[in-house]
Amino acid sequence: MKTRVLTGITTTGTPHLGNYVGAIRPAVAASRRDDVESYYFLADYHALIKCDDPARIARSRLEIAATWLACGLDPERVYFYRQSDIPEIPELTWLLTCVTGKGLMNRAHAYKASVDQNVAAGEDPDAGVTMGLYSYPILMAADILIFNAHQVPVGRDQIQHIEMARDIGARFNHLFGAGREYFVLPEVVIEESVATLPGLDGRKMSKSYDNTIPLFDGGAKRLKETIARIVTDSRLPGEPKDADASHLLTLYRAFADAADAETFRADLVAGLGWGDAKQRLFERIERDVAPMRARYEELIARPDDIEDVLQQGAKKARAIATPLLAGLREAVGLRRLG
Ligand code: TYM
């Protein structure tokens, strides 16, 4: 049997280097293997939780779809779809919501971070927390369990969500399985070398920290300008740098082979100036990104074609999701009367 690999990206912003190295690049590589069946999707229901700007969500869906294709995804070979085109996902979300303990959701990092922030600001702990944010991990569990994914390649920030999907799937199996396993329990897959790509300020590269380096947006010029804004210490050219503490090196490593990265590291220790180091980082990333960017520009100019690809993908994916959900409805007692 093939290994089913599944991952998604929330459609709230422009794809950045963290999305590329943490999710898209490993996912596209996996999709080329003959022993793998891949499910890659645009998490546009998730986007509604974090963003109330419809134009931004619409634009982001187009950009993220074009990015997957530009990065080499072959939609004939994989299941490539939008979450919101698969009505079985919200239906499964409800079935899972009914077996998920509130206590489990209380422990979700994203929810806890909002509460902590509110408490620190002296506000009501749940101020601004919607039920969408609170039960976000259940929707994510439905994304994964509806296709019985074996492996979910993600960045480190998503580990807890995959663990919760396992807990929720196991709970459902236990309650309704009667000796039958309805759900495969998914494994998280982390590419260790790039598990958390740092952003401009050294914290995790993230839309919410506003510290991202865009993958394609703004072209080579913007890539170069953004890399120039990476925060470094005040050591001057000629002074040895603390290479291992520098997120410039972490970023470089995410794009270079081991020998190339080691040369870069040695040059930093020998006193390479930050300006020159940034230029080398830009050139290294640009070498990989330039051909993909050219494809992206062509694709994004043809949104109708992308729409067709996604509709085809949804049809293919629903052919799997519909019978699975029918079995689950039966399991919980939502059956024909006669
Ligand atoms: P999202 O949209 O925040 O991020 C998409 C993917 O990119 C990875 N990523 C990173 N990897 C390394 N370094 C970084 N700085 C970095 N920033 C982002 C994320 O870990 C993720 O793999 N909830 C998910 C989307 C989702 C999903 C799913 C993923 C919805 N349903 C089911 C897998 C399976 C999210 O918001 O990812």
# chains A, B, ... in the order shown; residues from 1 in each chain; ligands from 1
>>> residues_near_ligand(ligand="ligand 1", cutoff="9 Å", atoms="only C-alpha atoms and all ligand atoms", output="number ranges by chain")
A: 6-13, 15-24, 40-47, 83, 136-137, 139-144, 152-159, 161-162, 190-191, 194-199, 203-207, 212
>>> select_by_dssp(residues="region 95-252 of chain A", states="helix (DSSP H, G or I)", output="VMD selection string")
chain A and resid 95 to 97 102 to 106 109 to 120 131 to 134 136 to 145 156 to 176 192 to 194 207 to 209 219 to 228 243 to 245 247 to 252
>>> write_last_selection(atoms="C-alpha atoms", output="PDB file, in the first residue's frame")
ATOM      1  CA  LEU A  95     -18.670  14.461  14.220  1.00  0.00           C
ATOM      2  CA  LEU A  96     -15.242  14.949  15.759  1.00  0.00           C
ATOM      3  CA  THR A  97     -16.317  18.006  17.772  1.00  0.00           C
ATOM      4  CA  LYS A 102     -13.072  20.680  25.948  1.00  0.00           C
ATOM      5  CA  GLY A 103     -10.001  20.086  28.111  1.00  0.00           C
ATOM      6  CA  LEU A 104      -8.008  19.046  25.049  1.00  0.00           C
ATOM      7  CA  MET A 105      -8.845  22.311  23.280  1.00  0.00           C
ATOM      8  CA  ASN A 106      -7.959  24.280  26.432  1.00  0.00           C
ATOM      9  CA  HIS A 109      -1.017  26.515  21.942  1.00  0.00           C
ATOM     10  CA  ALA A 110      -2.744  29.035  19.661  1.00  0.00           C
ATOM     11  CA  TYR A 111      -5.667  29.441  22.043  1.00  0.00           C
ATOM     12  CA  LYS A 112      -3.406  29.589  25.098  1.00  0.00           C
ATOM     13  CA  ALA A 113      -1.222  32.237  23.461  1.00  0.00           C
ATOM     14  CA  SER A 114      -4.276  34.465  22.945  1.00  0.00           C
ATOM     15  CA  VAL A 115      -5.356  33.977  26.553  1.00  0.00           C
ATOM     16  CA  ASP A 116      -1.855  34.725  27.867  1.00  0.00           C
ATOM     17  CA  GLN A 117      -1.709  37.885  25.790  1.00  0.00           C
ATOM     18  CA  ASN A 118      -5.090  39.034  27.098  1.00  0.00           C
ATOM     19  CA  VAL A 119      -4.124  38.317  30.704  1.00  0.00           C
ATOM     20  CA  ALA A 120      -0.847  40.200  30.304  1.00  0.00           C
ATOM     21  CA  MET A 131     -15.033  29.462  18.663  1.00  0.00           C
ATOM     22  CA  GLY A 132     -13.223  29.145  15.334  1.00  0.00           C
ATOM     23  CA  LEU A 133      -9.885  29.807  17.003  1.00  0.00           C
ATOM     24  CA  TYR A 134     -10.779  27.649  19.990  1.00  0.00           C
ATOM     25  CA  TYR A 136      -9.204  25.112  15.174  1.00  0.00           C
ATOM     26  CA  PRO A 137      -7.424  21.805  15.963  1.00  0.00           C
ATOM     27  CA  ILE A 138     -10.651  19.851  15.351  1.00  0.00           C
ATOM     28  CA  LEU A 139     -11.012  21.259  11.842  1.00  0.00           C
ATOM     29  CA  MET A 140      -7.381  20.382  11.259  1.00  0.00           C
ATOM     30  CA  ALA A 141      -7.953  16.849  12.559  1.00  0.00           C
ATOM     31  CA  ALA A 142     -10.826  16.486  10.075  1.00  0.00           C
ATOM     32  CA  ASP A 143      -8.529  17.631   7.221  1.00  0.00           C
ATOM     33  CA  ILE A 144      -6.116  14.851   8.064  1.00  0.00           C
ATOM     34  CA  LEU A 145      -8.460  12.048   9.130  1.00  0.00           C
ATOM     35  CA  ARG A 156       7.563  22.424  14.178  1.00  0.00           C
ATOM     36  CA  ASP A 157       4.774  24.890  15.058  1.00  0.00           C
ATOM     37  CA  GLN A 158       2.189  22.361  13.897  1.00  0.00           C
ATOM     38  CA  ILE A 159       3.314  19.324  15.934  1.00  0.00           C
ATOM     39  CA  GLN A 160       0.736  19.768  18.665  1.00  0.00           C
ATOM     40  CA  HIS A 161      -2.063  19.906  16.090  1.00  0.00           C
ATOM     41  CA  ILE A 162      -1.032  16.567  14.600  1.00  0.00           C
ATOM     42  CA  GLU A 163      -0.839  15.044  18.072  1.00  0.00           C
ATOM     43  CA  MET A 164      -4.355  16.292  18.739  1.00  0.00           C
ATOM     44  CA  ALA A 165      -5.541  14.769  15.445  1.00  0.00           C
ATOM     45  CA  ARG A 166      -4.171  11.429  16.673  1.00  0.00           C
ATOM     46  CA  ASP A 167      -5.944  11.800  20.023  1.00  0.00           C
ATOM     47  CA  ILE A 168      -9.227  12.723  18.389  1.00  0.00           C
ATOM     48  CA  GLY A 169      -9.006   9.932  15.790  1.00  0.00           C
ATOM     49  CA  ALA A 170      -8.162   7.386  18.503  1.00  0.00           C
ATOM     50  CA  ARG A 171     -11.121   8.565  20.582  1.00  0.00           C
ATOM     51  CA  PHE A 172     -13.484   8.103  17.643  1.00  0.00           C
ATOM     52  CA  ASN A 173     -12.059   4.650  16.891  1.00  0.00           C
ATOM     53  CA  HIS A 174     -12.480   3.695  20.522  1.00  0.00           C
ATOM     54  CA  LEU A 175     -16.077   4.932  20.785  1.00  0.00           C
ATOM     55  CA  PHE A 176     -17.455   3.705  17.483  1.00  0.00           C
ATOM     56  CA  GLU A 192      14.954  18.642  11.007  1.00  0.00           C
ATOM     57  CA  SER A 193      17.327  20.959   9.144  1.00  0.00           C
ATOM     58  CA  VAL A 194      14.563  23.488   8.537  1.00  0.00           C
ATOM     59  CA  LYS A 207       2.815  36.075   9.027  1.00  0.00           C
ATOM     60  CA  SER A 208       1.756  36.935  12.573  1.00  0.00           C
ATOM     61  CA  TYR A 209       5.195  38.323  13.496  1.00  0.00           C
ATOM     62  CA  GLY A 219      10.527  39.629  -7.454  1.00  0.00           C
ATOM     63  CA  ALA A 220      14.310  39.418  -6.998  1.00  0.00           C
ATOM     64  CA  LYS A 221      14.463  43.085  -5.994  1.00  0.00           C
ATOM     65  CA  ARG A 222      12.169  42.596  -3.022  1.00  0.00           C
ATOM     66  CA  LEU A 223      13.941  39.367  -2.032  1.00  0.00           C
ATOM     67  CA  LYS A 224      17.258  41.195  -1.965  1.00  0.00           C
ATOM     68  CA  GLU A 225      15.869  44.190  -0.089  1.00  0.00           C
ATOM     69  CA  THR A 226      14.180  41.985   2.480  1.00  0.00           C
ATOM     70  CA  ILE A 227      17.309  39.903   3.061  1.00  0.00           C
ATOM     71  CA  ALA A 228      19.196  43.183   3.610  1.00  0.00           C
ATOM     72  CA  ALA A 243      28.274  32.092  12.966  1.00  0.00           C
ATOM     73  CA  ASP A 244      26.266  29.521  14.909  1.00  0.00           C
ATOM     74  CA  ALA A 245      24.192  32.208  16.606  1.00  0.00           C
ATOM     75  CA  HIS A 247      20.125  33.240  11.640  1.00  0.00           C
ATOM     76  CA  LEU A 248      21.781  34.178   8.365  1.00  0.00           C
ATOM     77  CA  LEU A 249      23.560  30.826   8.586  1.00  0.00           C
ATOM     78  CA  THR A 250      20.323  28.990   9.452  1.00  0.00           C
ATOM     79  CA  LEU A 251      18.672  30.499   6.393  1.00  0.00           C
ATOM     80  CA  TYR A 252      21.680  29.674   4.230  1.00  0.00           C
TER      81      TYR A 252
END
>>> residues_around(residues="region 273-279 of chain A", least_positions_apart="6", cutoff="9 Å", atoms="only C-alpha atoms", output="short mmCIF file (atom, residue, chain, number, x, y, z; two decimals) with N, CA and C atoms, in the first residue's frame")
data_model
loop_
_atom_site.label_atom_id
_atom_site.label_comp_id
_atom_site.auth_asym_id
_atom_site.auth_seq_id
_atom_site.Cartn_x
_atom_site.Cartn_y
_atom_site.Cartn_z
N LYS A 224 15.97 40.63 -2.36
CA LYS A 224 17.26 41.20 -1.96
C LYS A 224 17.08 42.25 -0.87
N ILE A 227 16.15 40.57 2.44
CA ILE A 227 17.31 39.90 3.06
C ILE A 227 18.24 40.95 3.69
N ALA A 228 18.34 42.12 3.06
CA ALA A 228 19.20 43.18 3.61
C ALA A 228 18.69 43.67 4.97
N ILE A 230 17.57 41.67 7.37
CA ILE A 230 17.75 40.68 8.42
C ILE A 230 18.62 41.29 9.54
N THR A 232 21.25 41.75 12.30
CA THR A 232 22.54 41.15 12.65
C THR A 232 23.14 41.94 13.81
N ASP A 233 24.22 41.42 14.40
CA ASP A 233 24.82 42.19 15.49
C ASP A 233 25.74 43.27 14.88
N ARG A 235 28.93 43.61 14.73
CA ARG A 235 30.33 43.35 14.38
C ARG A 235 30.66 43.81 12.97
N LEU A 236 31.83 44.39 12.82
CA LEU A 236 32.23 45.03 11.56
C LEU A 236 32.88 44.03 10.61
N PRO A 237 32.97 44.38 9.31
CA PRO A 237 33.71 43.52 8.38
C PRO A 237 35.12 43.27 8.93
N GLY A 238 35.60 42.04 8.78
CA GLY A 238 36.93 41.70 9.31
C GLY A 238 36.86 41.12 10.70
N GLU A 239 35.82 41.49 11.47
CA GLU A 239 35.70 40.91 12.82
C GLU A 239 35.06 39.53 12.71
N PRO A 240 35.57 38.52 13.47
CA PRO A 240 34.96 37.19 13.41
C PRO A 240 33.50 37.26 13.88
N LYS A 241 32.64 36.49 13.22
CA LYS A 241 31.22 36.49 13.59
C LYS A 241 30.90 35.22 14.37
N LEU A 248 21.36 34.17 9.77
CA LEU A 248 21.78 34.18 8.36
C LEU A 248 22.28 32.78 7.97
N PHE A 264 30.36 28.77 3.95
CA PHE A 264 29.73 30.03 4.36
C PHE A 264 30.00 30.29 5.85
N ASP A 267 33.62 31.25 6.45
CA ASP A 267 33.88 32.62 6.01
C ASP A 267 33.35 33.64 7.02
#
>>> select_by_dssp(residues="region 81-275 of chain A", states="strand (DSSP E or B)", output="MDAnalysis selection string")
chainID A and resid 81:82 151:153 187:189 198 204 214
>>> atom_distance(atom1="CA of Leu281 (chain A)", atom2="CA of Asp74 (chain A)")
28.8 Å
>>> closest_atom_pairs(of="region 187-249 of chain A", to="region 61-67 of chain A", cutoff="10 Å", atoms="only C-alpha atoms", output="tab-separated table")
residue	atom	partner	partner_atom	distance
A:Leu215	CA	A:Thr67	CA	8.7
A:Phe216	CA	A:Thr67	CA	8.3
A:Asp217	CA	A:Glu63	CA	9.2
>>> atom_distance(atom1="CA of Pro75 (chain A)", atom2="CA of Val309 (chain A)")
7.1 Å
>>> atom_distance(atom1="CA of Leu324 (chain A)", atom2="CA of Glu91 (chain A)")
11.7 Å
